[in-house]
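Data block below; observations after.
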Amino acid sequence: MNPIDVALPQLKSIPFFAGLPEAQLARLAQASCERSYQKDKFVFLKGDRPTGLYAILGGTVKMACQSPQGGEKIIDLLGPGQVFGEAALLLDCPYPYLTATMTQARLLHVDGAVLRGQVLASPELSRRMMARLSHGICTVMRDLEDYRAHTPRERVIRFLLDQRKHPETPHNSIPIPAPKYVFASLLGMTPESLSRNMRDLADAGLIEVGKRRIRVLDRQQLSGYLN
């Protein structure tokens, strides 16, 4: 099968690219290739030069920073349909963080030179790219606010309430996104603090914690803890 015939529907399945003109998608598909990764494999390291944009076709990927002592701070967890690596690509600078797989993953790599050319030629693609970069800035500012102004319990509650806004989390049932230590790092706390706060919320009858999912039992009362 022609590689373009494979990459084109894959691009269309990614919200960032969906709805772009067919001719433009075809050019991007021609410059795309699928890459498969086993669990716990680096996609790129801090300091690597960007070669393209990555879109997640399947699996979970983490973005993280490492301290000189070897500690790791999770910046974000990404899943199917999401893209990453756009900021370093547009700035043509080394990645300021590492990215690695949390599970087996399938990624679509879109060549950077071709994508930059399409961004310059397409107002709609430029708008989407600016929206993503702006969203990233807002997310960083919110994270700073969380760490400075909110308690660990409030961070857990905000995460749970944010997940409930997503259509893929029906009936108040939220998938646990990663092992506890990763989840804790994402929220800026220790695993022990995460367990203690989850247990307190469960004891209060606000959530129910299973092995793979968290069920929100009383969203209104849970929201009240943030007021």
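By order of appearance in the structure tokens: chains A, B, ..., then residues from 1 within every chain, and ligands from 1 in the order shown.
Residues of region 10-106 of chain A assigned to helix (DSSP H, G or I) by DSSP on this structure's backbone: Gln10, Leu11, Lys12, Glu22, Ala23, Gln24, Leu25, Ala26, Arg27, Leu28, Ala29, Gln30, Glu86, Ala87, Ala88, Leu89, Leu90 and Leu91 of chain A.
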Would you mind exporting N, CA and C atoms of the selected residues as a short mmCIF file (atom, residue, chain, number, x, y, z; two decimals), in the first residue's frame?
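Output file again-v6.cif follows:
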```
data_model
loop_
_atom_site.label_atom_id
_atom_site.label_comp_id
_atom_site.auth_asym_id
_atom_site.auth_seq_id
_atom_site.Cartn_x
_atom_site.Cartn_y
_atom_site.Cartn_z
N GLN A 10 -4.55 8.63 8.98
CA GLN A 10 -3.99 8.83 10.32
C GLN A 10 -3.97 10.31 10.68
N LEU A 11 -3.55 11.15 9.74
CA LEU A 11 -3.55 12.60 9.98
C LEU A 11 -4.96 13.10 10.24
N LYS A 12 -5.91 12.62 9.47
CA LYS A 12 -7.29 13.07 9.62
C LYS A 12 -7.87 12.68 10.98
N GLU A 22 -7.72 19.01 1.69
CA GLU A 22 -7.23 17.70 1.30
C GLU A 22 -5.84 17.76 0.68
N ALA A 23 -5.58 18.77 -0.15
CA ALA A 23 -4.28 18.88 -0.80
C ALA A 23 -3.18 19.12 0.24
N GLN A 24 -3.48 19.92 1.23
CA GLN A 24 -2.49 20.18 2.28
C GLN A 24 -2.24 18.93 3.12
N LEU A 25 -3.30 18.22 3.46
CA LEU A 25 -3.14 16.97 4.21
C LEU A 25 -2.33 15.96 3.41
N ALA A 26 -2.53 15.93 2.10
CA ALA A 26 -1.78 15.00 1.27
C ALA A 26 -0.28 15.32 1.30
N ARG A 27 0.06 16.63 1.27
CA ARG A 27 1.48 17.01 1.34
C ARG A 27 2.08 16.63 2.69
N LEU A 28 1.31 16.83 3.75
CA LEU A 28 1.81 16.46 5.08
C LEU A 28 1.92 14.94 5.21
N ALA A 29 0.95 14.21 4.64
CA ALA A 29 0.99 12.75 4.71
C ALA A 29 2.22 12.20 3.98
N GLN A 30 2.57 12.85 2.88
CA GLN A 30 3.75 12.42 2.12
C GLN A 30 5.02 12.57 2.94
N GLU A 86 5.93 20.82 19.18
CA GLU A 86 5.76 21.92 18.24
C GLU A 86 6.59 23.15 18.59
N ALA A 87 6.76 23.44 19.89
CA ALA A 87 7.45 24.67 20.28
C ALA A 87 8.92 24.65 19.84
N ALA A 88 9.62 23.57 20.19
CA ALA A 88 11.03 23.46 19.80
C ALA A 88 11.18 23.43 18.29
N LEU A 89 10.23 22.80 17.61
CA LEU A 89 10.29 22.72 16.15
C LEU A 89 10.20 24.11 15.52
N LEU A 90 9.24 24.92 15.96
CA LEU A 90 9.07 26.24 15.37
C LEU A 90 10.21 27.18 15.74
N LEU A 91 10.74 27.03 16.96
CA LEU A 91 11.86 27.88 17.39
C LEU A 91 13.20 27.37 16.86
#
```
Nearest to Ala18 (chain A) by atom-to-atom distance, counting only C-alpha atoms, from A:Asp143, A:Leu187, A:Ile157, A:Arg128:
A:Arg128
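One distance worth recording is that between CA of Pro15 (chain A) and CA of Tyr95 (chain A), which is 23.4 Å.
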As an exercise, work out the distance from CA of His135 (chain A) to CA of Arg106 (chain A) in Å and give it to one decimal place.
24.3 Å
d(CA of Val182 (chain A), CA of Arg49 (chain A)) in Å:
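Computed distance, CA of Val182 (chain A) to CA of Arg49 (chain A), equals 25.9 Å.
The residue set within 10 Å of Gln220 (chain A), counting only C-alpha atoms and dropping same-chain residues fewer than 5 places from it, reads Leu161, Leu206 and Tyr225 of chain A.
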Quick one: residues within 12 Å of Phe42 (chain A), only C-alpha atoms counted, chain neighbours fewer than 4 positions away excluded, as an mmCIF file with C-alpha atoms, in the first residue's frame?
```
data_model
loop_
_atom_site.group_PDB
_atom_site.id
_atom_site.type_symbol
_atom_site.label_atom_id
_atom_site.label_comp_id
_atom_site.auth_asym_id
_atom_site.auth_seq_id
_atom_site.Cartn_x
_atom_site.Cartn_y
_atom_site.Cartn_z
ATOM 1 C CA SER A 36 6.408 2.149 16.936
ATOM 2 C CA TYR A 37 7.887 2.142 20.450
ATOM 3 C CA GLN A 38 7.988 -0.353 23.276
ATOM 4 C CA LYS A 46 16.512 16.981 26.457
ATOM 5 C CA ASP A 48 18.084 16.751 21.041
ATOM 6 C CA VAL A 61 3.622 9.314 26.374
ATOM 7 C CA LYS A 62 5.122 11.374 29.178
ATOM 8 C CA MET A 63 6.950 14.701 28.996
ATOM 9 C CA ALA A 64 9.423 15.147 31.846
ATOM 10 C CA TYR A 97 12.568 18.293 28.194
ATOM 11 C CA LEU A 98 12.564 14.567 27.449
ATOM 12 C CA THR A 99 9.709 12.483 26.116
ATOM 13 C CA ALA A 100 9.306 8.758 26.710
ATOM 14 C CA THR A 101 6.616 6.120 26.333
ATOM 15 C CA MET A 102 4.598 4.931 29.332
ATOM 16 C CA THR A 103 3.113 2.062 27.320
ATOM 17 C CA GLN A 104 3.638 0.569 23.910
ATOM 18 C CA ALA A 105 2.981 3.454 21.551
#
```
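Counting only C-alpha atoms and comparing A:Leu201, A:Val119, A:Leu222, A:Ile74, the residue that lies closest to Tyr181 (chain A) is A:Ile74.
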Smallest atom-to-atom distance to Thr60 (chain A): which of A:Val114, A:Met141, A:Leu226, A:Ala178, using only C-alpha atoms?
A:Ala178
In region 66-221 of chain A, what's strand (DSSP E or B) per DSSP? Answer as a ChimeraX atom specification?
/A:66,72-78,83-84,98-101,105-111,173-175,207-209,213-216
Between A:Met189, A:Cys138, A:Val110, A:Leu77, single out the one closest to Ile176 (chain A), counting only C-alpha atoms.
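That would be A:Leu77, the residue with the smallest distance to Ile176 (chain A).
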Residues near Ala113 (chain A), anyone? I mean within 8 Å using only C-alpha atoms, not counting same-chain ones fewer than 3 positions away, as a list in words.
Thr51, Gly52, Arg116 and Gly117 of chain A
Using only C-alpha atoms for the distances, tell me which of A:Val216, A:Leu115, A:Ile137, A:Val43 is nearest to Asp162 (chain A).
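Once distances to Asp162 (chain A) are computed over only C-alpha atoms, the minimum belongs to A:Val216.
Nearest residue to Cys33 (chain A) among A:Ile174, A:Leu120, A:Ala204, A:Leu107 is A:Leu107, counting only C-alpha atoms.
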